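Asks: Contents of protein-v4.txt (compact mmCIF, C-alpha atoms):
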```txt
# COMPACT_ATOMS: atom_id res chain seq x y z
CA MET A 1 108.20 107.38 86.18
CA SER A 2 105.47 110.00 85.91
CA ASN A 3 102.81 107.78 84.29
CA GLU A 4 101.23 106.18 87.32
CA SER A 5 98.48 104.23 85.60
CA PHE A 6 99.93 101.11 87.13
CA LEU A 7 98.93 102.27 90.62
CA HIS A 8 95.79 100.94 92.29
CA PRO A 9 92.98 103.53 92.57
CA LEU A 10 93.04 103.13 96.37
CA ALA A 11 95.93 101.20 97.88
CA GLU A 12 97.90 98.00 97.64
CA VAL A 13 99.33 96.61 100.87
CA PHE A 14 102.46 94.54 101.17
CA ILE A 15 103.98 93.11 104.31
CA LEU A 16 107.59 93.87 103.53
CA PRO A 17 110.07 91.45 105.06
CA SER A 18 112.46 93.72 106.96
CA SER A 19 114.98 93.48 109.74
CA ILE A 20 114.07 95.36 112.89
CA SER A 21 116.57 96.36 115.55
CA VAL A 22 116.29 98.62 118.55
CA VAL A 23 119.24 100.64 119.81
CA GLN A 24 118.50 101.76 123.33
CA GLY A 25 120.24 103.85 125.92
CA THR A 26 121.03 107.47 126.60
CA ASP A 27 123.87 107.38 124.06
CA ALA A 28 121.95 105.55 121.31
CA LEU A 29 121.87 108.43 118.83
CA GLU A 30 125.49 109.35 119.44
CA HIS A 31 126.55 105.74 118.94
CA LEU A 32 124.61 105.51 115.68
CA ASN A 33 126.10 108.78 114.54
CA ARG A 34 129.59 107.30 114.62
CA SER A 35 128.55 104.43 112.36
CA LEU A 36 125.96 105.78 109.91
CA THR A 37 126.32 108.01 106.87
CA THR A 38 123.98 110.73 108.16
CA ASP A 39 123.98 112.90 111.27
CA THR A 40 121.67 111.23 113.77
CA THR A 41 122.42 113.47 116.73
CA GLN A 42 119.67 115.96 115.95
CA LEU A 43 116.92 113.42 115.34
CA LYS A 44 113.81 114.62 117.18
CA LEU A 45 111.38 112.55 119.18
CA HIS A 46 109.35 110.51 116.67
CA GLY A 47 111.71 111.83 114.00
CA LYS A 48 112.39 109.75 110.93
CA GLN A 49 115.68 109.52 109.10
CA GLU A 50 117.02 107.40 106.27
CA SER A 51 120.65 106.39 106.53
CA LEU A 52 123.20 103.84 105.37
CA LEU A 53 125.58 101.55 107.18
CA CYS A 54 128.66 101.08 105.02
CA ASN A 55 131.89 99.15 105.30
CA ALA A 56 135.34 100.75 105.28
CA ASN A 57 135.39 100.40 101.49
CA GLY A 58 132.34 102.63 101.30
CA ARG A 59 130.08 99.83 100.15
CA ILE A 60 126.57 99.41 101.48
CA LEU A 61 125.94 96.95 104.29
CA ASP A 62 122.40 98.04 105.07
CA ARG A 63 119.90 100.80 104.52
CA LEU A 64 118.29 101.87 107.76
CA THR A 65 115.17 103.89 108.45
CA LEU A 66 115.36 105.33 111.95
CA CYS A 67 112.54 106.11 114.35
CA ASN A 68 113.51 107.92 117.54
CA LEU A 69 111.38 106.97 120.52
CA GLU A 70 113.44 108.73 123.21
CA GLU A 71 116.49 106.71 124.17
CA ARG A 72 115.17 103.89 122.01
CA VAL A 73 115.73 104.05 118.29
CA ILE A 74 114.02 101.60 115.98
CA LEU A 75 116.09 100.67 112.94
CA VAL A 76 114.21 99.24 109.97
CA GLY A 77 116.71 97.57 107.69
CA ASN A 78 116.85 95.39 104.64
CA HIS A 79 115.52 91.87 104.92
CA GLY A 80 118.17 89.37 105.97
CA THR A 81 120.75 91.88 107.11
CA GLY A 82 119.58 92.42 110.69
CA GLY A 83 121.97 89.97 112.35
CA ASP A 84 125.03 91.44 110.66
CA THR A 85 123.88 95.00 111.26
CA ARG A 86 123.33 94.35 114.95
CA GLN A 87 126.76 92.72 115.26
CA GLN A 88 128.31 95.64 113.45
CA LEU A 89 126.63 98.11 115.79
CA ILE A 90 127.34 96.27 119.03
CA GLN A 91 131.06 96.12 118.29
CA GLY A 92 132.73 99.28 119.38
CA VAL A 93 130.22 100.43 121.98
CA PRO A 94 132.51 102.51 124.24
CA TRP A 95 133.06 101.19 127.75
CA ASP A 96 131.51 104.32 129.26
CA GLN A 97 128.41 104.63 127.09
CA ASP A 98 124.92 103.33 127.74
CA VAL A 99 123.94 101.47 124.58
CA ALA A 100 122.21 98.12 124.12
CA ILE A 101 120.95 96.57 120.92
CA LEU A 102 117.86 94.38 120.67
CA ASP A 103 116.67 92.09 117.92
CA GLY A 104 113.09 92.94 117.02
CA ASP A 105 112.78 90.91 113.82
CA THR A 106 109.85 88.90 115.14
CA ALA A 107 108.35 91.68 117.25
CA ILE A 108 107.48 94.31 114.66
CA GLY A 109 106.03 94.01 111.19
CA HIS A 110 106.56 96.47 108.34
CA LEU A 111 103.76 97.33 105.92
CA LYS A 112 104.03 99.34 102.73
CA LEU A 113 100.98 100.95 101.14
CA VAL A 114 101.09 102.22 97.59
CA GLY A 115 98.22 103.63 95.57
CA LYS A 116 96.39 106.72 94.39
CA ALA A 117 94.20 107.17 97.48
CA VAL A 118 95.92 105.43 100.36
CA ASP A 119 94.37 107.74 102.96
CA ARG A 120 90.89 106.46 102.16
CA CYS A 121 92.03 103.09 103.44
CA LEU A 122 93.20 104.50 106.78
CA VAL A 123 89.69 105.30 107.99
CA GLY A 124 88.98 103.76 111.37
CA LEU A 125 92.60 103.62 112.46
CA ASP A 126 92.27 106.31 115.13
CA LEU A 127 94.42 108.51 112.98
CA ASP A 128 94.21 111.88 111.27
CA SER A 129 95.88 111.26 107.92
CA THR A 130 96.80 114.93 107.60
CA ASP A 131 99.22 114.36 110.51
CA ILE A 132 101.28 111.89 108.52
CA ASP A 133 104.40 113.44 107.08
CA LEU A 134 107.75 112.63 105.55
CA GLN A 135 110.04 113.63 108.41
CA SER A 136 108.40 111.91 111.34
CA TRP A 137 106.50 108.89 112.55
CA THR A 138 102.95 109.40 113.76
CA GLU A 139 101.78 107.14 116.55
CA PHE A 140 98.36 105.49 116.36
CA GLY A 141 97.44 102.77 118.81
CA ASN A 142 100.58 100.67 119.21
CA SER A 143 101.73 101.42 115.69
CA LEU A 144 103.67 104.06 113.80
CA ILE A 145 102.98 105.48 110.36
CA SER A 146 104.98 107.67 108.01
CA ARG A 147 105.42 108.43 104.35
CA THR A 148 108.33 108.38 101.94
CA GLU A 149 108.58 110.34 98.72
CA VAL A 150 109.62 108.12 95.83
CA GLY A 151 109.89 109.99 92.57
CA ASP A 152 106.48 111.55 92.04
CA SER A 153 104.74 109.14 94.40
CA LEU A 154 104.23 108.82 98.12
CA VAL A 155 104.69 105.46 99.78
CA THR A 156 103.05 105.04 103.17
CA GLU A 157 104.70 102.74 105.68
CA ILE A 158 103.48 101.33 108.95
CA LEU A 159 105.35 99.66 111.79
CA VAL A 160 103.03 97.45 113.79
CA PRO A 161 103.48 94.86 116.55
CA THR A 162 103.53 91.47 114.84
CA ALA A 163 100.59 90.26 116.89
CA GLU A 164 98.44 93.05 115.48
CA ILE A 165 99.32 92.82 111.78
CA ASP A 166 96.35 90.69 110.79
CA ASN A 167 93.89 92.99 112.52
CA LEU A 168 95.41 96.07 110.86
CA VAL A 169 95.49 94.49 107.42
CA ASN A 170 91.85 93.47 107.79
CA ILE A 171 90.87 97.07 108.50
CA LEU A 172 92.80 98.27 105.45
CA ILE A 173 91.14 95.64 103.28
CA ASP A 174 87.70 96.52 104.65
CA ASN A 175 88.46 100.09 103.54
CA GLY A 176 89.22 99.00 99.98
CA ALA A 177 92.91 98.18 99.98
CA ILE A 178 94.11 94.94 98.47
CA MET A 179 96.90 92.66 99.68
CA ILE A 180 99.57 91.96 97.11
CA ASP A 181 102.16 89.24 96.78
CA SER A 182 105.92 89.61 96.37
CA ASP A 183 105.70 89.47 92.54
CA ARG A 184 103.40 92.47 92.40
CA TRP A 185 105.49 94.25 95.03
CA SER A 186 108.61 93.67 92.92
CA GLU A 187 106.90 95.19 89.93
CA LEU A 188 105.68 98.17 91.93
CA ARG A 189 108.97 98.88 93.64
CA ILE A 190 110.93 98.67 90.39
CA ARG A 191 108.48 100.92 88.59
CA LEU A 192 108.56 103.40 91.45
CA GLY A 193 112.32 103.15 91.92
CA ILE A 194 112.28 101.73 95.45
CA LEU A 195 115.57 99.95 96.12
CA ASP A 196 116.06 96.95 98.37
CA SER A 197 118.86 94.55 99.25
CA ASN A 198 119.13 93.49 95.60
CA GLU A 199 120.64 96.91 94.98
CA MET A 200 121.74 98.10 98.42
CA ASN A 201 124.39 95.53 99.24
CA PRO A 202 128.20 95.32 99.46
CA SER A 203 128.53 95.11 95.68
CA ASN A 204 127.50 98.72 95.33
CA LEU A 205 128.44 102.21 96.44
CA PRO A 206 125.75 104.73 97.48
CA PHE A 207 126.54 107.22 94.70
CA GLU A 208 126.16 104.54 92.03
CA LEU A 209 122.59 104.02 93.22
CA GLY A 210 121.76 107.72 93.34
CA LEU A 211 121.69 107.71 97.14
CA HIS A 212 123.58 111.00 97.46
CA GLU A 213 121.00 112.30 99.93
CA LEU A 214 121.89 109.54 102.37
CA VAL A 215 125.58 110.47 102.47
CA LYS A 216 126.47 113.54 104.50
CA LEU A 217 130.15 114.20 104.01
CA ASP A 218 130.13 117.17 106.38
CA LYS A 219 128.98 115.19 109.42
CA GLY A 220 132.40 113.81 110.38
CA CYS A 221 133.93 110.39 110.05
CA TYR A 222 132.00 107.16 109.64
CA PRO A 223 133.07 103.86 108.07
CA GLY A 224 133.43 104.46 104.34
CA GLN A 225 133.59 108.25 104.60
CA GLU A 226 137.08 108.51 103.16
CA ILE A 227 136.03 106.57 100.04
CA HIS A 228 132.82 108.58 99.67
CA ALA A 229 134.71 111.87 100.03
CA ARG A 230 137.20 110.79 97.36
CA MET A 231 134.40 109.85 94.96
CA ASP A 232 132.66 113.14 95.66
CA SER A 233 135.76 115.21 95.01
CA LYS A 234 136.53 113.36 91.78
CA GLY A 235 132.93 113.96 90.69
CA ARG A 236 132.95 110.94 88.43
CA LEU A 237 131.10 107.67 88.75
CA ALA A 238 132.05 104.43 87.09
CA ARG A 239 128.54 103.01 87.18
CA THR A 240 124.97 104.19 87.52
CA LEU A 241 121.55 102.70 88.22
CA VAL A 242 118.84 102.68 85.57
CA ARG A 243 115.36 101.25 85.11
CA LEU A 244 114.73 99.08 82.09
CA ASP A 245 111.34 98.84 80.41
CA CYS A 246 110.92 95.87 78.10
CA ASN A 247 108.65 93.11 76.90
CA ALA A 248 110.47 90.42 78.83
CA PRO A 249 112.88 91.54 81.52
CA PRO A 250 116.50 90.40 81.28
CA ALA A 251 117.63 87.82 83.80
CA VAL A 252 119.09 89.00 87.07
CA GLY A 253 122.88 88.83 86.89
CA LYS A 254 125.75 90.01 84.75
CA HIS A 255 125.40 90.65 81.04
CA VAL A 256 128.12 91.78 78.71
CA ILE A 257 126.84 94.08 75.98
CA PRO A 258 129.16 94.85 73.07
CA GLY A 259 130.11 98.50 72.95
CA ILE A 260 128.79 99.13 76.45
CA GLY A 261 130.43 96.61 78.72
CA ARG A 262 129.17 94.93 81.84
CA VAL A 263 125.53 95.47 82.81
CA VAL A 264 124.36 94.04 86.13
CA VAL A 265 120.63 93.43 86.34
CA THR A 266 119.80 93.58 90.05
CA SER A 267 116.01 93.04 90.04
CA ASN A 268 113.35 92.20 87.51
CA ALA A 269 109.61 91.71 87.30
CA GLN A 270 107.24 90.49 84.63
CA TYR A 271 103.70 91.79 84.52
CA GLU A 272 100.82 91.48 82.13
CA GLY A 273 101.94 93.45 79.11
CA GLY A 274 105.59 93.92 79.86
CA GLY A 275 108.52 93.71 82.15
CA VAL A 276 110.73 96.01 84.19
CA ALA A 277 114.17 95.70 85.69
CA LEU A 278 116.77 97.65 87.58
CA ALA A 279 120.31 97.51 86.26
CA ILE A 280 123.68 99.03 86.97
CA ILE A 281 125.37 100.14 83.78
CA PRO A 282 128.70 101.77 82.95
CA ASN A 283 128.28 105.49 83.46
CA GLU A 284 129.35 106.21 79.87
CA ALA A 285 126.18 104.46 78.64
CA LYS A 286 123.71 106.50 80.68
CA GLY A 287 122.90 108.81 77.78
CA MET A 288 121.63 105.96 75.66
CA ASP A 289 117.92 105.35 75.15
CA GLU A 290 117.97 101.59 75.02
CA LEU A 291 120.08 98.53 75.59
CA VAL A 292 120.29 95.56 73.24
CA PHE A 293 121.05 92.34 75.10
CA ASP A 294 122.99 89.42 73.67
CA ASP A 295 119.78 87.49 72.91
CA GLY A 296 118.60 90.38 70.74
CA SER A 297 116.01 91.65 73.19
CA THR A 298 115.85 95.38 73.76
CA ALA A 299 115.02 97.46 76.80
CA LYS A 300 114.25 101.14 77.08
CA MET A 301 116.47 102.77 79.62
CA GLU A 302 115.55 105.48 82.12
CA LEU A 303 117.74 107.05 84.78
CA ILE A 304 116.40 106.80 88.31
CA MET B 1 101.45 100.14 125.52
CA SER B 2 103.70 101.38 122.71
CA ILE B 3 105.13 99.58 119.72
CA LEU B 4 108.10 98.52 121.86
CA GLY B 5 105.95 97.19 124.67
CA GLY B 6 105.00 93.88 123.06
CA ASP B 7 106.58 90.45 122.87
CA GLY B 8 109.25 89.23 120.51
CA PHE B 9 112.24 91.37 121.43
CA THR B 10 115.33 89.41 122.35
CA LEU B 11 117.71 90.20 125.16
CA PRO B 12 120.42 92.67 124.19
CA VAL B 13 122.75 91.37 121.52
CA VAL B 14 126.20 90.58 122.90
CA THR B 15 129.37 89.66 121.12
CA PRO B 16 131.68 87.29 122.94
CA VAL B 17 135.13 88.82 123.14
CA GLU B 18 138.32 86.87 123.56
CA VAL B 19 140.14 88.70 126.32
CA VAL B 20 143.91 88.86 125.89
CA ASP B 21 146.62 90.19 128.18
CA VAL B 22 147.40 93.64 126.88
CA HIS B 23 150.92 94.85 126.27
CA ILE B 24 151.48 98.42 125.13
CA GLU B 25 154.75 100.06 124.21
CA PHE B 26 155.08 103.73 125.11
CA THR B 27 157.90 105.72 123.60
CA ASP B 28 159.84 108.11 125.81
CA SER B 29 158.18 111.09 124.15
CA ALA B 30 154.75 109.55 124.78
CA LYS B 31 155.54 108.96 128.46
CA SER B 32 156.76 112.50 128.81
CA ALA B 33 153.62 113.91 127.15
CA MET B 34 151.40 111.70 129.29
CA LYS B 35 153.07 112.98 132.48
CA GLU B 36 152.63 116.55 131.33
CA ASN B 37 148.96 115.97 130.52
CA MET B 38 148.29 114.32 133.88
CA GLY B 39 149.28 117.61 135.49
CA GLY B 40 150.34 115.95 138.75
CA ASP B 41 147.08 114.01 139.12
CA ASP B 42 148.70 110.66 138.45
CA GLY B 43 148.00 109.56 142.02
CA SER B 44 144.24 109.79 141.64
CA HIS B 45 143.74 109.70 137.87
CA VAL B 46 144.49 107.17 135.18
CA LEU B 47 144.86 107.20 131.43
CA ILE B 48 142.19 105.11 129.72
CA ILE B 49 142.93 103.97 126.19
CA SER B 50 139.94 102.53 124.35
CA ALA B 51 138.49 101.74 120.96
CA GLN B 52 135.02 102.70 119.82
CA SER B 53 133.09 102.27 116.62
CA GLY B 54 133.40 105.00 114.04
CA GLY B 55 136.01 106.72 111.99
CA CYS B 56 136.63 106.01 108.34
CA SER B 57 137.95 102.52 108.95
CA GLY B 58 135.54 101.16 111.55
CA TYR B 59 137.11 101.96 114.91
CA LEU B 60 138.37 105.10 116.58
CA TYR B 61 141.01 105.34 119.27
CA ASP B 62 140.12 107.25 122.38
CA MET B 63 142.45 108.37 125.17
CA LYS B 64 141.13 110.11 128.21
CA ILE B 65 142.40 111.04 131.64
CA ALA B 66 139.82 110.13 134.24
CA GLU B 67 139.42 109.22 137.85
CA ASP B 68 140.21 105.57 138.37
CA PRO B 69 136.89 103.74 137.72
CA LYS B 70 138.15 100.85 139.91
CA ASP B 71 136.43 98.40 137.62
CA SER B 72 137.70 94.82 137.42
CA ASN B 73 136.88 94.75 133.70
CA PHE B 74 139.93 96.92 133.06
CA GLN B 75 143.49 95.71 132.72
CA ARG B 76 146.02 97.91 134.50
CA LEU B 77 149.39 98.77 133.01
CA ASP B 78 152.15 100.93 134.36
CA ALA B 79 153.99 103.44 132.19
CA ASP B 80 156.71 105.04 134.30
CA GLY B 81 154.35 105.58 137.24
CA ILE B 82 151.28 106.47 135.21
CA THR B 83 148.46 103.94 135.43
CA VAL B 84 147.05 103.07 132.03
CA LEU B 85 143.75 101.18 131.79
CA VAL B 86 142.44 99.13 128.87
CA HIS B 87 138.97 97.57 129.02
CA ASN B 88 138.88 93.80 128.50
CA LYS B 89 136.50 94.19 125.56
CA ASP B 90 139.07 96.36 123.78
CA SER B 91 141.99 94.07 124.60
CA PRO B 92 142.12 92.16 121.27
CA LEU B 93 142.07 95.45 119.36
CA LEU B 94 144.65 97.27 121.44
CA ASN B 95 147.12 94.58 122.45
CA GLY B 96 150.52 95.27 120.96
CA ILE B 97 149.97 98.91 120.07
CA ARG B 98 152.82 101.36 120.20
CA VAL B 99 152.00 104.82 121.51
CA ASP B 100 154.23 107.65 120.37
CA PHE B 101 154.01 111.42 120.69
CA LYS B 102 155.05 113.83 117.97
CA ASP B 103 155.56 117.45 118.93
CA THR B 104 154.83 119.03 115.58
CA LEU B 105 152.36 121.69 114.51
CA MET B 106 151.01 119.65 111.62
CA GLY B 107 149.73 116.18 112.45
CA GLY B 108 151.29 116.23 115.90
CA GLY B 109 150.05 114.69 119.15
CA PHE B 110 149.73 111.09 120.24
CA GLN B 111 150.19 108.59 117.43
CA ILE B 112 149.23 104.94 117.65
CA GLU B 113 150.70 102.17 115.57
CA ASN B 114 148.51 99.10 115.73
CA PRO B 115 149.68 95.69 114.52
CA ASN B 116 146.07 94.43 114.67
CA ALA B 117 144.87 96.95 112.11
CA ASP B 118 144.39 95.89 108.50
CA ARG B 119 143.84 99.48 107.53
CA SER B 120 143.91 102.97 108.95
CA CYS B 121 142.60 106.25 107.68
CA GLY B 122 144.56 109.29 106.62
CA CYS B 123 144.14 111.14 109.90
CA GLY B 124 145.54 108.18 111.86
CA GLN B 125 142.70 108.20 114.38
CA SER B 126 140.76 105.36 112.85
CA PHE B 127 141.63 101.74 112.17
CA GLY B 128 139.91 98.59 111.12
```
What does the file become when written as structure tokens?

Replies:
Amino acid sequence: MSNESFLHPLAEVFILPSSISVVQGTDALEHLNRSLTTDTTQLKLHGKQESLLCNANGRILDRLTLCNLEERVILVGNHGTGGDTRQQLIQGVPWDQDVAILDGDTAIGHLKLVGKAVDRCLVGLDLDSTDIDLQSWTEFGNSLISRTEVGDSLVTEILVPTAEIDNLVNILIDNGAIMIDSDRWSELRIRLGILDSNEMNPSNLPFELGLHELVKLDKGCYPGQEIHARMDSKGRLARTLVRLDCNAPPAVGKHVIPGIGRVVVTSNAQYEGGGVALAIIPNEAKGMDELVFDDGSTAKMELI
Amino acid sequence: MSILGGDGFTLPVVTPVEVVDVHIEFTDSAKSAMKENMGGDDGSHVLIISAQSGGCSGYLYDMKIAEDPKDSNFQRLDADGITVLVHNKDSPLLNGIRVDFKDTLMGGGFQIENPNADRSCGCGQSFG
């Protein structure tokens, strides 16, 4: 979505509910490499990597953002999935490897900053904003900061000890940022194309969500690899993710649209002047400009 | 202090494992191949069969010849004079397996049939 008039002139801050785990030990990266869809073995100190944990059917169990802190790797996952992810990772630790997994859900908070001039809100954080990049985490105080490219926009994210969240947020607000609630965050993330557990869950395959970059078929085996490789070699998808722009967003759930088939709306948000939604549609319909729902409402469709 | 130096982290996550007495069937060809691979070290070395996360289906088999770790967490089996060890944590996954050896150029080597597996991948090294 290239028109970014919906973005705040400075920054909007959201405390994103996330699961936090720590994989520690000399074999942490090797252990993760056997389970995740990307090659973690070359992750540098303070390096950042996005990856997926999938089941043997190739479906998504969790999306994980990694931060390598030398024999301790922080995993930032989807909200509500941390317990299952940790159980999944602790099973199958080889008898001769040094790996332990900690639950950090209440220890570390996860902030997202979105806006046209986020850096102006970082003043006073003992941080040179030119150091912040996409491939690594930059340490400031007891916190870590990085950026993610989402479409044409950059989203800044901060990991901060829970006890220090309020202090950090106050500094950001003093610098002109505003705190937003989950409704506004939903609108922003849908408009920007940021996926969460509404999309990245066991109902869906990575390729259907456009997450090709998070699947490295040349890295060796991982749970789901055989399915992903088969999909890749066939080169055909049954379903694809789109963004819907409409006056009133369709309800989350399944809709059957004559001539198109089953459309699954995964997320929606209403804002002043319109609504947006994310939906998974049959791949054959992706060339269409709009969808007409059974109640007669229409939605403009855009591939993500 | 770093981001990991604060409060709120739990002790390492552990999964309780039901330990079972492991029985493994070795075919004659597997025993013969094991003896050959031990290279006469079967007095001091053992064969450790284990399962680890990974592979297409969730778990990978691993077999390695190593010095006896003399660890009470391992179950000890005898296969025609060769000591085979299976860690207690792997016992539910590996109990009942049948180890065979196929001497073929394509797809040869040790093969494991596992009655505990709901699925296995094409290469035969992974199960779930």

Asks: For Ser297 of chain A, which of A:Asp174, A:Asp245, A:Asp196, A:Asp105 is the closest residue, counting all atoms listed in the file?

Replies: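 Once distances to Ser297 of chain A are computed over all atoms listed in the file, the minimum belongs to A:Asp245.
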
Asks: Distance cut-off 8 Å, counting all atoms listed in the file - which residues of chain A neighbour chain B? Return them as a PDB file with C-alpha atoms, in the frame of the given file.

Replies:
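iface14.pdb written:
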```
ATOM      1  CA  HIS A  31     126.550 105.740 118.940  1.00  0.00           C
ATOM      2  CA  ARG A  34     129.590 107.300 114.620  1.00  0.00           C
ATOM      3  CA  SER A  35     128.550 104.430 112.360  1.00  0.00           C
ATOM      4  CA  ASN A  55     131.890  99.150 105.300  1.00  0.00           C
ATOM      5  CA  ALA A  56     135.340 100.750 105.280  1.00  0.00           C
ATOM      6  CA  ARG A  86     123.330  94.350 114.950  1.00  0.00           C
ATOM      7  CA  GLN A  87     126.760  92.720 115.260  1.00  0.00           C
ATOM      8  CA  LEU A  89     126.630  98.110 115.790  1.00  0.00           C
ATOM      9  CA  ILE A  90     127.340  96.270 119.030  1.00  0.00           C
ATOM     10  CA  GLN A  91     131.060  96.120 118.290  1.00  0.00           C
ATOM     11  CA  GLY A  92     132.730  99.280 119.380  1.00  0.00           C
ATOM     12  CA  VAL A  93     130.220 100.430 121.980  1.00  0.00           C
ATOM     13  CA  PRO A  94     132.510 102.510 124.240  1.00  0.00           C
ATOM     14  CA  TRP A  95     133.060 101.190 127.750  1.00  0.00           C
ATOM     15  CA  ALA A 100     122.210  98.120 124.120  1.00  0.00           C
ATOM     16  CA  ILE A 101     120.950  96.570 120.920  1.00  0.00           C
ATOM     17  CA  LEU A 102     117.860  94.380 120.670  1.00  0.00           C
ATOM     18  CA  ASP A 103     116.670  92.090 117.920  1.00  0.00           C
ATOM     19  CA  GLY A 104     113.090  92.940 117.020  1.00  0.00           C
ATOM     20  CA  ASP A 105     112.780  90.910 113.820  1.00  0.00           C
ATOM     21  CA  THR A 106     109.850  88.900 115.140  1.00  0.00           C
ATOM     22  CA  ALA A 107     108.350  91.680 117.250  1.00  0.00           C
ATOM     23  CA  ILE A 108     107.480  94.310 114.660  1.00  0.00           C
ATOM     24  CA  GLY A 141      97.440 102.770 118.810  1.00  0.00           C
ATOM     25  CA  ASN A 142     100.580 100.670 119.210  1.00  0.00           C
ATOM     26  CA  SER A 143     101.730 101.420 115.690  1.00  0.00           C
ATOM     27  CA  LEU A 144     103.670 104.060 113.800  1.00  0.00           C
ATOM     28  CA  LEU A 159     105.350  99.660 111.790  1.00  0.00           C
ATOM     29  CA  VAL A 160     103.030  97.450 113.790  1.00  0.00           C
ATOM     30  CA  PRO A 161     103.480  94.860 116.550  1.00  0.00           C
ATOM     31  CA  CYS A 221     133.930 110.390 110.050  1.00  0.00           C
ATOM     32  CA  TYR A 222     132.000 107.160 109.640  1.00  0.00           C
ATOM     33  CA  PRO A 223     133.070 103.860 108.070  1.00  0.00           C
ATOM     34  CA  GLY A 224     133.430 104.460 104.340  1.00  0.00           C
ATOM     35  CA  GLN A 225     133.590 108.250 104.600  1.00  0.00           C
ATOM     36  CA  GLU A 226     137.080 108.510 103.160  1.00  0.00           C
TER      37      GLU A 226
END
```

Asks: Using Å and a single decimal, report how far atom CA of Ala117 of chain B sits from atom CA of Ser91 of chain B.

Replies: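 Straight-line distance from atom CA of Ser91 of chain B to atom CA of Ala117 of chain B works out to 13.1 Å.
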
Asks: Please provide the set of residues having any atom within 7 Å of segment 92-108 of chain B, restricted to all atoms listed in the file, with same-chain residues fewer than 6 positions apart removed, written as an mmCIF file with C-alpha atoms, in the coordinates of the input.

Replies:
```cif
data_model
loop_
_atom_site.group_PDB
_atom_site.id
_atom_site.type_symbol
_atom_site.label_atom_id
_atom_site.label_comp_id
_atom_site.auth_asym_id
_atom_site.auth_seq_id
_atom_site.Cartn_x
_atom_site.Cartn_y
_atom_site.Cartn_z
ATOM 1 C CA GLU B 18 138.320 86.870 123.560
ATOM 2 C CA VAL B 19 140.140 88.700 126.320
ATOM 3 C CA VAL B 20 143.910 88.860 125.890
ATOM 4 C CA VAL B 22 147.400 93.640 126.880
ATOM 5 C CA HIS B 23 150.920 94.850 126.270
ATOM 6 C CA ILE B 24 151.480 98.420 125.130
ATOM 7 C CA GLU B 25 154.750 100.060 124.210
ATOM 8 C CA PHE B 26 155.080 103.730 125.110
ATOM 9 C CA THR B 27 157.900 105.720 123.600
ATOM 10 C CA SER B 29 158.180 111.090 124.150
ATOM 11 C CA ALA B 30 154.750 109.550 124.780
ATOM 12 C CA ALA B 33 153.620 113.910 127.150
ATOM 13 C CA ASN B 114 148.510 99.100 115.730
ATOM 14 C CA PRO B 115 149.680 95.690 114.520
ATOM 15 C CA ASN B 116 146.070 94.430 114.670
#
```

Asks: Using only C-alpha atoms, which residues sit within 10 Å of Gly109 of chain A once same-chain residues fewer than 6 positions away are excluded, as a list in words?

Replies: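 Here the answer would be Ile15, Leu16, Pro17, Ser18, Ser19, Ile20, Val76, Ser143, Ile158, Leu159, Val160, Pro161, Thr162, Ala163, Glu164 and Ile165 of chain A.
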
Asks: Go through A:Asn204, A:Ser182, A:Ser129, A:Asn175 and flag the residue nearest Leu10 of chain A, using all atoms listed in the file for the distances.

Replies: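 The answer is A:Asn175, which sits nearest to Leu10 of chain A.
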
Asks: Which neighbours of segment 279-289 of chain A fall inside 7 Å, counting all atoms listed in the file, when residues of the same chain fewer than 6 positions from it are skipped, and could you give them as a VMD selection string?

Replies: chain A and resid 237 to 243 260 to 266 300 to 301

Asks: May I have the selected residues written with C-alpha atoms, as a PDB file, keeping the file's coordinate frame?

Replies:
```pdb
ATOM      1  CA  LEU A 237     131.100 107.670  88.750  1.00  0.00           C
ATOM      2  CA  ALA A 238     132.050 104.430  87.090  1.00  0.00           C
ATOM      3  CA  ARG A 239     128.540 103.010  87.180  1.00  0.00           C
ATOM      4  CA  THR A 240     124.970 104.190  87.520  1.00  0.00           C
ATOM      5  CA  LEU A 241     121.550 102.700  88.220  1.00  0.00           C
ATOM      6  CA  VAL A 242     118.840 102.680  85.570  1.00  0.00           C
ATOM      7  CA  ARG A 243     115.360 101.250  85.110  1.00  0.00           C
ATOM      8  CA  ILE A 260     128.790  99.130  76.450  1.00  0.00           C
ATOM      9  CA  GLY A 261     130.430  96.610  78.720  1.00  0.00           C
ATOM     10  CA  ARG A 262     129.170  94.930  81.840  1.00  0.00           C
ATOM     11  CA  VAL A 263     125.530  95.470  82.810  1.00  0.00           C
ATOM     12  CA  VAL A 264     124.360  94.040  86.130  1.00  0.00           C
ATOM     13  CA  VAL A 265     120.630  93.430  86.340  1.00  0.00           C
ATOM     14  CA  THR A 266     119.800  93.580  90.050  1.00  0.00           C
ATOM     15  CA  LYS A 300     114.250 101.140  77.080  1.00  0.00           C
ATOM     16  CA  MET A 301     116.470 102.770  79.620  1.00  0.00           C
TER      17      MET A 301
END
```

Asks: Suppose you want the space between atom CA of Leu154 of chain A and atom CA of Thr130 of chain A; what is it in Å?

Replies: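 Computing the Euclidean distance for atom CA of Leu154 of chain A and atom CA of Thr130 of chain A yields 13.5 Å.
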
Asks: Could you tell me how far atom CA of Leu61 of chain A sits from atom CA of Pro202 of chain A, in Å to one decimal place?

Replies: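 According to the coordinates, atom CA of Pro202 of chain A and atom CA of Leu61 of chain A are separated by 5.6 Å.
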